[in-house]
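Here the structure is laid out as structure tokens; the discussion comes afterwards.
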Amino acid sequence: MKKLFFIFILFVTAFATAQNGKVSGVITDKDFDNESVAFASIQLKGTSLGAQSDMDGNYSIVAPVGTYTLVVTFVGMQTVEITDVKIVNGSTTTVNVPMTAEAATLGTIEIVVTKSRESQEALIQEKKNAVTIVQSIGAEELSQKGVSDAEGAVTKVSGISKQAGVKNVFVRGLGDRYNSTTLNGLPLPSDDPEYKNISLDFFGSDLLESVDVNKVFTSGITGDNAGANINIDLKGLKGRSALEVGLSSGVNTQTIGEDFKGIDGEGFFGFSDADLPVSNLRLYSFENQLAPNVSSTSPNVGFSIAGGKRIDIGDNYLNVYGLLTFDNGYKFAERQVQNTTSNGTLYFDVEGEKYDYETSQIAMADLDYRFGKNNIEFISSYIHKNSQSFQEYEGVNNPEQEGDRVFVRRQQTNNNNLYVNQLLSHFELSDRIDLDVKASFNAIRGSEPDRRSFEYLLRDGFYSPNIDSGGNNQRYFSEVQENDYNGIANLKYNFNTSEEDERAHYITLGAEYRTTHHVFKATTFNHTFDTRIAVDINDTDAIYNQQSINAGNFRLETGRGSALNPNAFDPFYYIGDKTTIAGQVNYVKAFSDKFLINVGGRFENIDQEVEFNTNIARSSIDGASTIKESFFLPSLGMKFNINEDNIIRLGASQTYMLPRFKEIAPFRYDGVQFSIQGNPDLEFSDIYNFDLAYEYYPTKGELISITGFYKNISNPVARVEIPSAGSTLTYLNVGDNATVLGAEFEIRKNLFVREMPDTGLEIDRESKLAAGFNASYIYSKQDLEDPLAQFSEDSTELQGAAPILLNFDVNYNTFIGKSNVNAAVVFNYFSERVFSVGTRGFENIKEVGVPTLDLIGSIGVGENGKFSLKAKNLLNPDIKLERDGSANNVVLSNYKRGVDISLGYSYKF
């Protein structure tokens with residue numbers, strides 16, 4: 001493995017301003033079953049800082065960092081003074097105060113310092129104090145930048161981008177197969193067999209407290225990881241009670257005035273029926289028509305309601321929290337699609353229209369029981385996401401004679417249901433021993449019901465179904481079922497015996513178990529014609545019916561064969577089973593106030609098997625694809641505090657990448673432009689990771705950081721194009737070695753901060769203009785050596801690795817009276833990157849770089865209401881795929897997404 005030394009210049013810009021924290025809690029009446037005390041006076045002794053408790057006894061005071069005496073008074077009750085209340089920068093110190101009417105000694109009052117992970121300032125402080133390199137984005141920043149889901153959140157982090165038409169993100173040039181996703185620290189299954197990770201747009205901003213991006217491997221993270229572990233923390237109840245309702249509506253500018261073509265059989269809420277409607281190939285019993293449902297475009301709508309309450313149980317309590325949401329959206333795009341032969345000759349050239357409708361519903365319940373310093377939490381979530389796409393194209397497709405035209409109509413629904421059940425617990429067994437135990441059961445139930453893909457050839461003055469292949473005129477049904485079981489136990493032992501010594505010195509020991517059972521099955525119904533029959537493309541249901549079967553115009557066949565085949569209804573399938581047993585140890589010691597070391601090791605035993613019986617191969621004949629491996633994965637981290645605000649960090653680790661089920665299963669999936677199939681001969685990759693970072697924290701909420709990284713990947717996997725029955729993509733271990741190295745720069749700076757007059761609100765009121773900027777440069781190279789693939793080049797960039805990534809935002813936050821006003825400008829850009837690697841004369845397909853500009857604004861209405869306005873993708877650039885290899889690259893795909901404009905209103909009761 002090659003050695004690489006990172007050299008970079010450290011620079012310091014010094015500013016000094018005050019740092020703030022918060023003290024909050026609940027005032028209760030000890031003599032009356034701990035009923036809330038409303039309108040009590042709470043003061044920080046010797047200052048002008050104070051607050052009054054609300055109807056539920058809650059109070060909150062923002063104050064500079066320091067140690068105070070808290071004084072609580074109420075008419076007719078004894079004054080309570082609590083000394084040594086420490087206010088910590090970016091944190092909340094919780095002091096719950098019981099009061100009494102008599103002159104009696106109160107019991108010990110517990111003071112707990114907690115962090116709200118929704119605040120940007122708190123997350124920056126958390127990053128500063130963290131043992132390892134981590135980046136987080138919280139609910140506050142999500143709202144300010146108009147981020148609607150977890151996918152949008154992580155693309156605001158340096159070194160992360162998203163590829164058009166691809167569900168998941170690329171981290172430092174490494175795509176979906178190199179990343180991992182967790183929810184509250186527990187693994188999640190994928191909703192789509194095409195991907196290893198669940199689509200991050202499942203998790204709307206209503207669900208999110210924060211999203212953490214761990215780009216540096218430690219022993220507590222799965223070893224099947226090289227880009228990042230993305231951990232999603234869900235919201236829970238804050239305070240004693242909460243209730244918030246939100247409404248929104250909007251449009252995509254390209255849909256305005258369009259007659260929207262939808263798919264017959266799909267409803268507004270998108271709950272699709274995946275059952276096969278045909279049990280006899282001599283009977284045409286499909287329930288859905290081929291003609292579209294045409295309607296005027298409706299506005300996009302959204303609704304959410306979230307709330308909860310704290311229930312006191314003796315000296316303990318139970319937090320109950322729930323959430324319901326609904327969202328939908330309409331989009332229209334005009335699209336150009338082309339393809340070429342290996343010598344660059346254009347043979348497929350069509351233009352058309354694409355109508356997309358998406359809808360999602362989320363339900364979540366959270367029960368969090370807290371007793372002393374311990375808690376047991378149960379979270380149950382149901383997430384439903386339905387996507388409907390209606391596409392029509394007309395043009396040229398490798399004509400047999402001059403003048404031939406082709407008309408293609410494709411109707412596709414993807415219906416996904418995710419069920420998540422988690423049990424989380426934390427126990428403080430002693431002053432020095434903590435135990436965390438987590439378990440989950442996750443289930444995916446997905447389907448692609450009745451995909452209708454039909455092709456018509458215009459020749460001799462009339463259209464007819466294309467009779468080249470029965471697959472040209474096809475209805476397709478598929479289902480995915482996955483059950484995922486997880487268990488994690490971590491024990492932490494703190495070696496420190498002195499309360500005055502706050503330096504980290506502890507060890508964690510952990511064990512993990514995960515087993516996944518994945519079943520995919522698909523049935524295709526081909527409409528096979530022997531001769532050309534005239535058809536009206538605006539009334540194709542007139543030819544695809546029982547009368548045509550009776551007349552012998554076409555035969556209905558499955559992928560297994562005709563009605564004469566007794567196995568005709570046996571679906572194509574693959575079954576994947578994977579079990580992971582892991583153990584980990586991590587030792588952390590701060591040798592001084594300046595130097596800390598973090599040493600870890602992780603052992604993983606993997607047993608993965610994929611059985612298949614598909615349209616390409618059978619494991620009963622060719623053998624199942626099996627990977628049985630044991631990995632020992634060391635990790636090392638060091639942190640050096642030059643002083644309180646300047647930090648240097650180092651990380652080094654070994655990880656691996658395991659091919660996912662669909663990358664292995666040899667099933668051919670047909671799309672409009674490309675087909676894709678798995679490769680059962682794929683092998684795992686070994687990866688070595690190095691990171692070196694410098695961080696400077698000028699003042700509260702500000703950050704300057706520079707990070708250099710290097711990755712060496714042996715036996716890398718890439719998506720490649722092969723000329724097999726048209727344009728087909730597959731996966732190969734393309735060579736012996738791949739290298740990724742680069743640098744990331746990030747700055748968050750308050751351009752000005754001005755304190756505003758007090759209006760009695762229990763919040764820190766200030767007018768602030770802040771800016772954030774991050775940039776990444778990524779150099780990647782993978783050797784291309786497989787002789788069977790006949791690569792067009794000796795090496796290439798990694799698939800999805802954009803050399804340049806930029807994110808920039810400016811945010812202005814102020815108050816008009818008691819109303820909070822926020823406005824933000826957000827800009828993103830990624831440069832050209834590889835979409836797929838060319839083979840056998842085909843050059844690489846590249847995705848053209850795309851800039852994105854969003855404007856976000858909100859204004860408070862009174863103390864509890866808020867209007868928000870979003871205008872996204874204002875530049876509306878072309879989304880293009882191009883093939884290299886000529887003076888003028890061939891544009892394989894080109895469309896615009898349109899500008900999304902939405903208005904929302906929310907109210908907190």
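Lettering and numbering for the structure tokens are positional, with chains as A, B, ... in the shown order, residues counted from 1 in each chain, and ligands counted from 1 in the shown order.
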
Considering only C-alpha atoms, return as a count of residues only whatever protein or nucleic-acid residues lie within 10 Å of stretch 553-560 of chain A, sequence-local ones (same chain, fewer than 4 positions apart) excluded. 41

Counting only C-alpha atoms, what is within 12 Å of stretch 291-293 of chain A, bar same-chain residues fewer than 4 positions away, as a compact mmCIF listing (two decimals) with N, CA and C atoms, in the first residue's frame?
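Saved the output as part_30.txt:
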```txt
# COMPACT_ATOMS: atom_id res chain seq x y z
N ASP A 259 -51.77 19.29 -18.75
CA ASP A 259 -52.68 18.19 -18.48
C ASP A 259 -51.83 17.02 -18.00
N PHE A 260 -52.03 16.64 -16.74
CA PHE A 260 -51.15 15.66 -16.12
C PHE A 260 -51.62 14.25 -16.44
N LYS A 261 -50.70 13.42 -16.96
CA LYS A 261 -51.01 12.04 -17.31
C LYS A 261 -50.57 11.13 -16.16
N GLY A 262 -51.57 10.48 -15.55
CA GLY A 262 -51.30 9.57 -14.45
C GLY A 262 -51.56 8.14 -14.85
N ILE A 263 -51.24 7.23 -13.95
CA ILE A 263 -51.32 5.80 -14.21
C ILE A 263 -52.65 5.27 -13.70
N ASP A 264 -53.35 4.55 -14.55
CA ASP A 264 -54.62 3.96 -14.15
C ASP A 264 -54.38 2.90 -13.07
N GLY A 265 -55.23 2.91 -12.06
CA GLY A 265 -55.11 1.94 -10.98
C GLY A 265 -54.35 2.44 -9.78
N GLU A 266 -53.74 3.62 -9.88
CA GLU A 266 -53.00 4.19 -8.76
C GLU A 266 -53.78 5.37 -8.18
N GLY A 267 -53.85 5.44 -6.87
CA GLY A 267 -54.65 6.46 -6.23
C GLY A 267 -53.84 7.60 -5.69
N THR A 297 -53.40 19.62 -13.47
CA THR A 297 -52.39 19.52 -12.42
C THR A 297 -52.92 20.09 -11.11
N TYR A 355 -44.07 12.35 -16.62
CA TYR A 355 -44.95 12.85 -15.58
C TYR A 355 -44.69 12.04 -14.30
N GLN A 388 -44.90 7.32 -8.88
CA GLN A 388 -45.57 6.94 -10.12
C GLN A 388 -44.98 7.74 -11.27
N SER A 389 -44.60 7.04 -12.32
CA SER A 389 -43.96 7.70 -13.46
C SER A 389 -44.65 7.26 -14.75
N PHE A 390 -45.12 8.24 -15.52
CA PHE A 390 -45.72 7.98 -16.83
C PHE A 390 -44.84 8.66 -17.87
N GLN A 391 -44.31 7.86 -18.83
CA GLN A 391 -43.37 8.39 -19.82
C GLN A 391 -43.82 8.02 -21.24
N GLU A 392 -43.65 8.98 -22.15
CA GLU A 392 -43.92 8.75 -23.57
C GLU A 392 -42.79 9.35 -24.40
N ARG A 409 -44.16 3.91 -24.70
CA ARG A 409 -44.94 4.37 -23.55
C ARG A 409 -44.60 3.46 -22.37
N ARG A 410 -44.23 4.06 -21.26
CA ARG A 410 -43.83 3.30 -20.07
C ARG A 410 -44.54 3.89 -18.85
N GLN A 411 -45.21 3.02 -18.10
CA GLN A 411 -45.90 3.42 -16.87
C GLN A 411 -45.35 2.56 -15.72
N GLN A 412 -44.84 3.23 -14.70
CA GLN A 412 -44.13 2.51 -13.64
C GLN A 412 -44.50 3.06 -12.28
N ARG A 452 -46.06 -1.09 -17.12
CA ARG A 452 -46.53 -1.26 -18.49
C ARG A 452 -45.55 -0.59 -19.45
N PHE A 454 -44.55 -0.54 -23.45
CA PHE A 454 -44.98 -0.95 -24.78
C PHE A 454 -44.30 -0.09 -25.84
N ASP A 536 -54.05 2.11 -32.94
CA ASP A 536 -54.15 3.54 -32.64
C ASP A 536 -53.42 3.78 -31.33
N ILE A 537 -52.29 4.49 -31.37
CA ILE A 537 -51.50 4.66 -30.15
C ILE A 537 -52.22 5.48 -29.09
N ASN A 538 -53.30 6.16 -29.46
CA ASN A 538 -54.11 6.87 -28.48
C ASN A 538 -55.23 6.01 -27.92
N ASP A 539 -55.35 4.77 -28.42
CA ASP A 539 -56.36 3.85 -27.90
C ASP A 539 -55.82 2.43 -27.99
N THR A 540 -54.73 2.17 -27.29
CA THR A 540 -54.09 0.86 -27.37
C THR A 540 -54.87 -0.22 -26.64
N ASP A 541 -55.77 0.18 -25.73
CA ASP A 541 -56.60 -0.83 -25.07
C ASP A 541 -57.51 -1.55 -26.07
N ALA A 542 -57.71 -0.96 -27.26
CA ALA A 542 -58.55 -1.59 -28.27
C ALA A 542 -57.89 -2.82 -28.87
N ILE A 543 -56.55 -2.96 -28.72
CA ILE A 543 -55.85 -4.13 -29.26
C ILE A 543 -55.43 -5.09 -28.15
N TYR A 544 -55.13 -4.56 -26.95
CA TYR A 544 -54.70 -5.41 -25.84
C TYR A 544 -55.91 -5.78 -25.00
```

Residues within 8 Å of A:Leu457, only C-alpha atoms, excluding chain neighbours under 2 positions, as JSON, numbers by chain: {"A": [404, 405, 406, 407, 455, 459, 463, 464, 465, 466]}

Within 9 Å of stretch 179-186 of chain A using only C-alpha atoms, minus same-chain residues under 3 positions, as a PDB file with C-alpha atoms, in the first residue's frame:
```pdb
ATOM      1  CA  VAL A 169     -25.479   9.959  -1.965  1.00  0.00           C
ATOM      2  CA  PHE A 170     -21.770   9.888  -2.777  1.00  0.00           C
ATOM      3  CA  VAL A 171     -19.310  10.558   0.030  1.00  0.00           C
ATOM      4  CA  LEU A 174     -17.652   6.729  -2.941  1.00  0.00           C
ATOM      5  CA  GLY A 175     -21.180   5.658  -3.814  1.00  0.00           C
ATOM      6  CA  ASP A 176     -23.944   3.761  -2.111  1.00  0.00           C
ATOM      7  CA  PRO A 189     -32.515  -2.213   5.527  1.00  0.00           C
ATOM      8  CA  LYS A 196     -27.443  -1.103  -0.242  1.00  0.00           C
ATOM      9  CA  ASN A 197     -28.806   1.769   1.851  1.00  0.00           C
ATOM     10  CA  ILE A 198     -32.300   2.997   2.436  1.00  0.00           C
ATOM     11  CA  LEU A 200     -32.593   9.029   2.723  1.00  0.00           C
ATOM     12  CA  ILE A 221     -19.423   1.436  13.293  1.00  0.00           C
ATOM     13  CA  THR A 222     -20.022  -1.464  10.895  1.00  0.00           C
ATOM     14  CA  ASP A 224     -18.781  -2.564   5.674  1.00  0.00           C
ATOM     15  CA  ASN A 225     -18.020   1.094   5.232  1.00  0.00           C
ATOM     16  CA  ALA A 226     -15.527   3.370   3.509  1.00  0.00           C
ATOM     17  CA  GLY A 227     -17.359   6.583   2.628  1.00  0.00           C
ATOM     18  CA  ALA A 228     -19.421   7.375   5.718  1.00  0.00           C
ATOM     19  CA  ASN A 229     -21.870   6.103   8.259  1.00  0.00           C
ATOM     20  CA  ILE A 230     -24.950   8.321   8.156  1.00  0.00           C
ATOM     21  CA  ASN A 231     -26.855   8.201  11.431  1.00  0.00           C
ATOM     22  CA  ILE A 232     -30.337   9.688  11.716  1.00  0.00           C
ATOM     23  CA  ASP A 233     -31.540  10.822  15.145  1.00  0.00           C
ATOM     24  CA  LEU A 234     -35.313  11.122  15.429  1.00  0.00           C
ATOM     25  CA  GLN A 422     -36.616  -0.149  18.004  1.00  0.00           C
ATOM     26  CA  LEU A 424     -33.305   1.502  23.116  1.00  0.00           C
ATOM     27  CA  LYS A 438     -30.429  -1.779  21.614  1.00  0.00           C
ATOM     28  CA  ALA A 439     -32.540  -4.067  19.472  1.00  0.00           C
ATOM     29  CA  SER A 440     -34.670  -3.644  16.375  1.00  0.00           C
ATOM     30  CA  ASN A 486     -30.481  -6.378  15.031  1.00  0.00           C
ATOM     31  CA  GLY A 487     -29.061  -6.486  18.539  1.00  0.00           C
ATOM     32  CA  ILE A 488     -26.307  -4.320  20.039  1.00  0.00           C
ATOM     33  CA  MET A 657     -16.962  -3.428   1.139  1.00  0.00           C
TER      34      MET A 657
END
```

Do a neighbour search on A:Phe477 at 8 Å with only C-alpha atoms, toss out local chain neighbours closer than 5 positions, and write the hits as a ChimeraX atom specification. /A:274,276,447-451,522-524

Got a sec: who's within 8 Å of stretch 766-769 of chain A, counting only C-alpha atoms, leaving out chain neighbours fewer than 4 positions off, as a ChimeraX atom specification? /A:750-756,810-815

Near A:Ile845, counting only C-alpha atoms, which residues have an atom at most 7 Å away, once you skip same-chain residues fewer than 2 positions from it, shown as a PDB file with N, CA and C atoms, in the first residue's frame?
```pdb
ATOM      1  N   VAL A 834     -18.127  10.498 -13.410  1.00  0.00           N
ATOM      2  CA  VAL A 834     -18.403   9.266 -14.153  1.00  0.00           C
ATOM      3  C   VAL A 834     -19.728   8.670 -13.690  1.00  0.00           C
ATOM      4  N   PHE A 835     -20.603   8.357 -14.663  1.00  0.00           N
ATOM      5  CA  PHE A 835     -21.855   7.667 -14.382  1.00  0.00           C
ATOM      6  C   PHE A 835     -21.675   6.156 -14.509  1.00  0.00           C
ATOM      7  N   SER A 836     -20.984   5.709 -15.564  1.00  0.00           N
ATOM      8  CA  SER A 836     -20.653   4.290 -15.718  1.00  0.00           C
ATOM      9  C   SER A 836     -19.381   4.182 -16.542  1.00  0.00           C
ATOM     10  N   VAL A 837     -18.656   3.074 -16.339  1.00  0.00           N
ATOM     11  CA  VAL A 837     -17.371   2.850 -16.993  1.00  0.00           C
ATOM     12  C   VAL A 837     -17.603   2.075 -18.289  1.00  0.00           C
ATOM     13  N   GLU A 843     -17.155   4.203 -24.619  1.00  0.00           N
ATOM     14  CA  GLU A 843     -16.479   5.150 -23.742  1.00  0.00           C
ATOM     15  C   GLU A 843     -17.323   5.366 -22.469  1.00  0.00           C
ATOM     16  N   GLU A 847     -21.839  12.291 -16.078  1.00  0.00           N
ATOM     17  CA  GLU A 847     -22.914  13.199 -15.682  1.00  0.00           C
ATOM     18  C   GLU A 847     -22.352  14.613 -15.649  1.00  0.00           C
ATOM     19  N   LEU A 881     -26.637  13.412 -19.199  1.00  0.00           N
ATOM     20  CA  LEU A 881     -25.661  12.329 -19.297  1.00  0.00           C
ATOM     21  C   LEU A 881     -25.049  12.398 -20.686  1.00  0.00           C
ATOM     22  N   GLU A 882     -23.713  12.333 -20.743  1.00  0.00           N
ATOM     23  CA  GLU A 882     -23.013  12.377 -22.027  1.00  0.00           C
ATOM     24  C   GLU A 882     -22.033  11.220 -22.121  1.00  0.00           C
ATOM     25  N   ARG A 883     -21.801  10.768 -23.360  1.00  0.00           N
ATOM     26  CA  ARG A 883     -20.801   9.731 -23.577  1.00  0.00           C
ATOM     27  C   ARG A 883     -19.537  10.357 -24.147  1.00  0.00           C
ATOM     28  N   ASP A 884     -18.400  10.045 -23.526  1.00  0.00           N
ATOM     29  CA  ASP A 884     -17.119  10.518 -24.030  1.00  0.00           C
ATOM     30  C   ASP A 884     -16.783   9.864 -25.371  1.00  0.00           C
TER      31      ASP A 884
END
```

Between A:Arg602, A:Arg335, A:Arg897, A:Lys866, which residue has the minimum interatomic distance to A:Ser219, considering only C-alpha atoms? A:Arg602

Selected residue, from A:Asp327, A:Glu863, A:Asp460, A:Asp191, that lies nearest to A:Ala443 when counting only C-alpha atoms: A:Asp191

Which of these, A:Lys45, A:Arg432, A:Lys711, A:Arg445, has the shortest distance to A:Lys781 once you count only C-alpha atoms?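 That would be A:Lys711, the residue with the smallest distance to A:Lys781.
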
So which bits of stretch 131-244 of chain A end up helix (DSSP H, G or I) when you DSSP the backbone, as a list in words? Ala139, Glu140, Glu141, Leu142, Ser143, Gln144, Ala150, Glu151, Gly152, Ala153, Val154, Asp176, Arg177, Tyr178, Leu200, Asp201 and Phe202 of chain A

Written selection (C-alpha atoms) as an mmCIF file, in the first residue's frame:
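Result file is again_3.cif:
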```cif
data_model
loop_
_atom_site.group_PDB
_atom_site.id
_atom_site.type_symbol
_atom_site.label_atom_id
_atom_site.label_comp_id
_atom_site.auth_asym_id
_atom_site.auth_seq_id
_atom_site.Cartn_x
_atom_site.Cartn_y
_atom_site.Cartn_z
ATOM 1 C CA ALA A 139 -33.151 20.577 12.839
ATOM 2 C CA GLU A 140 -32.440 24.305 13.213
ATOM 3 C CA GLU A 141 -30.058 24.339 10.241
ATOM 4 C CA LEU A 142 -32.388 22.097 8.220
ATOM 5 C CA SER A 143 -35.184 24.612 8.680
ATOM 6 C CA GLN A 144 -32.990 27.595 7.817
ATOM 7 C CA ALA A 150 -32.258 13.516 5.401
ATOM 8 C CA GLU A 151 -30.965 13.221 1.832
ATOM 9 C CA GLY A 152 -31.016 16.998 1.435
ATOM 10 C CA ALA A 153 -29.375 17.346 4.833
ATOM 11 C CA VAL A 154 -26.263 15.320 4.102
ATOM 12 C CA ASP A 176 -23.944 3.761 -2.111
ATOM 13 C CA ARG A 177 -22.101 0.451 -1.836
ATOM 14 C CA TYR A 178 -19.359 2.076 0.270
ATOM 15 C CA LEU A 200 -32.593 9.029 2.723
ATOM 16 C CA ASP A 201 -35.579 10.949 1.362
ATOM 17 C CA PHE A 202 -37.745 8.539 3.386
#
```

A:His518 proximity check over A:Ser190, A:Tyr347, A:Asn416, A:Glu832, using only C-alpha atoms: winner is A:Ser190
